[in-house]
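Chemist: Next up is a structure, given as structure tokens.
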Amino acid sequence: MAVTVSGDGLYDLGGGAVMRIEGFNKTVRALNRAGAETQDMKTLMHSLGSLVVKTARPLTPHKTGRLAGSIRAGRGKTKAVVTAGRKSIPYAGVQHYGWPAHHIKATMFLVKALEAKNEEIVRNLIKGIGEICTKLGLENNIGGLNV
């Protein structure tokens, strides 16, 4: 189970809700052509995912704390991915999306965390891309914003 910000600028909020950042894919490709290091992009995407992780953990249903402890931010080059659960914690999806037949209500903890941090994520994304541009000696004027 994951909430993803993909390289094409789409935020998949789950439940069919998607938000798009126009031009993100082109920006990433241009940074790669200009010589942006893969590690810089991975670090930026991980930091964006970490914002969601910190917000999602307290929103997670707590019985033992194992589900909250399983929430992780990945290190993708072109996307921020936050995952919850693993083989030994297979109930992450049930806790997130619910299971009406078993009277388990959806908590949507990852979606709520993403929505709560949405503005901060976009701000940090713009700032991070700007910092990578500065590191490459490129003009730091992302989206008309001098960050």
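Chain labels run A, B, ... following the order of the structure tokens; each chain numbers its residues from 1, and ligands are numbered from 1 in the order shown.
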With DSSP run on the backbone, what are the alpha helix (DSSP H) residues within range 102-139 of chain A? I'd like them as a list of chain:residue names.

Modeler: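 Here is the list: A:Phe109, A:Leu110, A:Val111, A:Lys112, A:Ala113, A:Leu114, A:Glu115, A:Ala116, A:Lys117, A:Asn118, A:Glu119, A:Glu120, A:Ile121, A:Val122, A:Arg123, A:Asn124, A:Leu125, A:Ile126, A:Lys127, A:Gly128, A:Ile129, A:Gly130, A:Glu131, A:Ile132, A:Cys133, A:Thr134, A:Lys135.
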
Chemist: Write the residues you've just listed into a file as an mmCIF file, in the first residue's frame, and include C-alpha atoms for each of them.

Modeler:
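Wrote part-v8.cif, looks like this:
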data_model
loop_
_atom_site.group_PDB
_atom_site.id
_atom_site.type_symbol
_atom_site.label_atom_id
_atom_site.label_comp_id
_atom_site.auth_asym_id
_atom_site.auth_seq_id
_atom_site.Cartn_x
_atom_site.Cartn_y
_atom_site.Cartn_z
ATOM 1 C CA PHE A 109 -4.195 7.699 7.426
ATOM 2 C CA LEU A 110 -1.775 8.043 4.491
ATOM 3 C CA VAL A 111 -4.158 10.168 2.443
ATOM 4 C CA LYS A 112 -4.897 12.388 5.450
ATOM 5 C CA ALA A 113 -1.185 12.829 6.091
ATOM 6 C CA LEU A 114 -0.538 13.703 2.446
ATOM 7 C CA GLU A 115 -3.393 16.209 2.418
ATOM 8 C CA ALA A 116 -2.148 17.784 5.661
ATOM 9 C CA LYS A 117 1.369 18.231 4.281
ATOM 10 C CA ASN A 118 0.418 19.039 0.689
ATOM 11 C CA GLU A 119 1.448 22.708 0.732
ATOM 12 C CA GLU A 120 4.680 21.972 2.597
ATOM 13 C CA ILE A 121 5.520 19.191 0.134
ATOM 14 C CA VAL A 122 5.057 21.480 -2.863
ATOM 15 C CA ARG A 123 7.068 24.253 -1.160
ATOM 16 C CA ASN A 124 9.904 21.829 -0.339
ATOM 17 C CA LEU A 125 9.781 20.355 -3.848
ATOM 18 C CA ILE A 126 10.181 23.807 -5.394
ATOM 19 C CA LYS A 127 12.918 24.724 -2.910
ATOM 20 C CA GLY A 128 14.749 21.414 -3.454
ATOM 21 C CA ILE A 129 14.671 21.695 -7.227
ATOM 22 C CA GLY A 130 15.884 25.274 -6.878
ATOM 23 C CA GLU A 131 18.800 24.129 -4.728
ATOM 24 C CA ILE A 132 19.720 21.476 -7.301
ATOM 25 C CA CYS A 133 19.602 24.170 -10.024
ATOM 26 C CA THR A 134 21.902 26.392 -7.948
ATOM 27 C CA LYS A 135 24.280 23.468 -7.406
#

Chemist: Smallest atom-to-atom distance to Val52 in chain A: which of A:Ala68, A:Gly137, A:Ala73, A:Arg86, using only C-alpha atoms?

Modeler: A:Ala73

Chemist: So what do you get for CA of Gly98 in chain A versus CA of Arg75 in chain A, distance-wise?

Modeler: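 We find that CA of Gly98 in chain A and CA of Arg75 in chain A lie 27.8 Å from each other.
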
Chemist: So, counting only C-alpha atoms, which residue among A:Ser88, A:Thr55, A:Ser50, A:Gln39 is closest to Gly74 in chain A?

Modeler: A:Ser50

Chemist: From the options A:Met108, A:Ala101, A:Met41, A:Ala30, which residue's atoms come nearest to Leu59 in chain A, counting only C-alpha atoms?

Modeler: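 Of A:Met108, A:Ala101, A:Met41, A:Ala30, the one nearest Leu59 in chain A, counting only C-alpha atoms, is A:Met108.
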
Chemist: Excluding Gly35 in chain A and its own-chain neighbours fewer than 3 positions away, which residues fall within 8 Å of it when counting only C-alpha atoms? Please give them as a list in words.

Modeler: Leu31, Asn32 and Leu136 of chain A

Chemist: Env of Gly93 in chain A: 12 Å cut, atoms = only C-alpha atoms, seq-sep filter 6 positions within chain, self excluded. Answer as a ChimeraX atom specification.

Modeler: /A:1-3,14,60-61,67,71,83-87,99,104-110

Chemist: Could you write out the selected residues, including C-alpha atoms, as a PDB file, in the first residue's frame?

Modeler:
ATOM      1  CA  MET A   1       0.000   0.000   0.000  1.00  0.00           C
ATOM      2  CA  ALA A   2       1.484   3.371  -0.989  1.00  0.00           C
ATOM      3  CA  VAL A   3       0.750   7.032  -1.624  1.00  0.00           C
ATOM      4  CA  GLY A  14      -5.928   7.186  -3.267  1.00  0.00           C
ATOM      5  CA  THR A  60      -2.366   5.255  12.234  1.00  0.00           C
ATOM      6  CA  PRO A  61      -4.609   2.968  14.284  1.00  0.00           C
ATOM      7  CA  LEU A  67       1.648  -0.627  11.692  1.00  0.00           C
ATOM      8  CA  ILE A  71       5.495   3.368   7.531  1.00  0.00           C
ATOM      9  CA  THR A  83       4.575   2.622   2.150  1.00  0.00           C
ATOM     10  CA  ALA A  84       2.853   1.037   5.108  1.00  0.00           C
ATOM     11  CA  GLY A  85       2.920  -2.632   6.027  1.00  0.00           C
ATOM     12  CA  ARG A  86       4.968  -5.524   4.742  1.00  0.00           C
ATOM     13  CA  LYS A  87       4.668  -9.301   4.642  1.00  0.00           C
ATOM     14  CA  TRP A  99     -13.260  -3.717   5.338  1.00  0.00           C
ATOM     15  CA  ILE A 104     -13.470  -2.247  10.005  1.00  0.00           C
ATOM     16  CA  LYS A 105     -13.785   1.428   9.128  1.00  0.00           C
ATOM     17  CA  ALA A 106     -11.378   3.121   6.738  1.00  0.00           C
ATOM     18  CA  THR A 107      -8.914   5.465   8.420  1.00  0.00           C
ATOM     19  CA  MET A 108      -7.182   6.727   5.251  1.00  0.00           C
ATOM     20  CA  PHE A 109      -4.195   7.699   7.426  1.00  0.00           C
ATOM     21  CA  LEU A 110      -1.775   8.043   4.491  1.00  0.00           C
TER      22      LEU A 110
END

Chemist: Just give me the gap between CA of Ala36 in chain A and CA of Val81 in chain A in Å, one decimal is fine.

Modeler: 20.3 Å

Chemist: For a test of reading the model, state the distance in Å between CA of Leu138 in chain A and CA of Glu37 in chain A, rounded to one decimal.

Modeler: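 Separation of CA of Leu138 in chain A and CA of Glu37 in chain A: 14.0 Å.
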
Chemist: Enumerate, as a PDB file with N, CA and C atoms, in the first residue's frame, the complete set of residues in range 7-146 of chain A that a backbone-based DSSP assignment places in strand (DSSP E).

Modeler:
ATOM      1  N   LEU A  10       2.114  13.621 -10.979  1.00  0.00           N
ATOM      2  CA  LEU A  10       0.808  13.222 -10.462  1.00  0.00           C
ATOM      3  C   LEU A  10       0.902  12.840  -8.996  1.00  0.00           C
ATOM      4  N   TYR A  11       0.010  13.391  -8.188  1.00  0.00           N
ATOM      5  CA  TYR A  11      -0.153  12.955  -6.811  1.00  0.00           C
ATOM      6  C   TYR A  11      -1.315  11.986  -6.820  1.00  0.00           C
ATOM      7  N   ASP A  12      -1.086  10.724  -6.506  1.00  0.00           N
ATOM      8  CA  ASP A  12      -2.161   9.761  -6.365  1.00  0.00           C
ATOM      9  C   ASP A  12      -2.567   9.776  -4.911  1.00  0.00           C
ATOM     10  N   LEU A  13      -3.707  10.394  -4.610  1.00  0.00           N
ATOM     11  CA  LEU A  13      -4.158  10.535  -3.238  1.00  0.00           C
ATOM     12  C   LEU A  13      -4.955   9.334  -2.764  1.00  0.00           C
ATOM     13  N   GLY A  14      -5.152   8.365  -3.625  1.00  0.00           N
ATOM     14  CA  GLY A  14      -5.928   7.186  -3.267  1.00  0.00           C
ATOM     15  C   GLY A  14      -7.413   7.444  -3.478  1.00  0.00           C
ATOM     16  N   ALA A  17      -8.516   9.912  -6.231  1.00  0.00           N
ATOM     17  CA  ALA A  17      -8.135  11.323  -6.190  1.00  0.00           C
ATOM     18  C   ALA A  17      -6.694  11.492  -6.651  1.00  0.00           C
ATOM     19  N   VAL A  18      -6.494  12.381  -7.627  1.00  0.00           N
ATOM     20  CA  VAL A  18      -5.167  12.605  -8.190  1.00  0.00           C
ATOM     21  C   VAL A  18      -4.949  14.110  -8.346  1.00  0.00           C
ATOM     22  N   MET A  19      -3.734  14.569  -8.050  1.00  0.00           N
ATOM     23  CA  MET A  19      -3.368  15.960  -8.265  1.00  0.00           C
ATOM     24  C   MET A  19      -2.146  15.977  -9.174  1.00  0.00           C
ATOM     25  N   ARG A  20      -2.099  16.914 -10.119  1.00  0.00           N
ATOM     26  CA  ARG A  20      -0.998  16.976 -11.076  1.00  0.00           C
ATOM     27  C   ARG A  20      -0.222  18.278 -10.903  1.00  0.00           C
ATOM     28  N   ARG A  72       7.180   3.871   5.887  1.00  0.00           N
ATOM     29  CA  ARG A  72       8.516   4.234   5.398  1.00  0.00           C
ATOM     30  C   ARG A  72       8.426   5.117   4.164  1.00  0.00           C
ATOM     31  N   ALA A  73       9.441   5.953   3.987  1.00  0.00           N
ATOM     32  CA  ALA A  73       9.587   6.758   2.769  1.00  0.00           C
ATOM     33  C   ALA A  73      10.647   6.096   1.903  1.00  0.00           C
ATOM     34  N   ALA A  80       8.270  10.339  -4.927  1.00  0.00           N
ATOM     35  CA  ALA A  80       8.282  10.097  -3.489  1.00  0.00           C
ATOM     36  C   ALA A  80       7.236   9.023  -3.209  1.00  0.00           C
ATOM     37  N   VAL A  81       7.644   7.964  -2.558  1.00  0.00           N
ATOM     38  CA  VAL A  81       6.736   6.864  -2.256  1.00  0.00           C
ATOM     39  C   VAL A  81       6.739   6.630  -0.750  1.00  0.00           C
ATOM     40  N   VAL A  82       5.538   6.531  -0.189  1.00  0.00           N
ATOM     41  CA  VAL A  82       5.391   6.211   1.228  1.00  0.00           C
ATOM     42  C   VAL A  82       4.640   4.894   1.302  1.00  0.00           C
ATOM     43  N   THR A  83       5.202   3.934   2.034  1.00  0.00           N
ATOM     44  CA  THR A  83       4.575   2.622   2.150  1.00  0.00           C
ATOM     45  C   THR A  83       4.245   2.324   3.603  1.00  0.00           C
TER      46      THR A  83
END
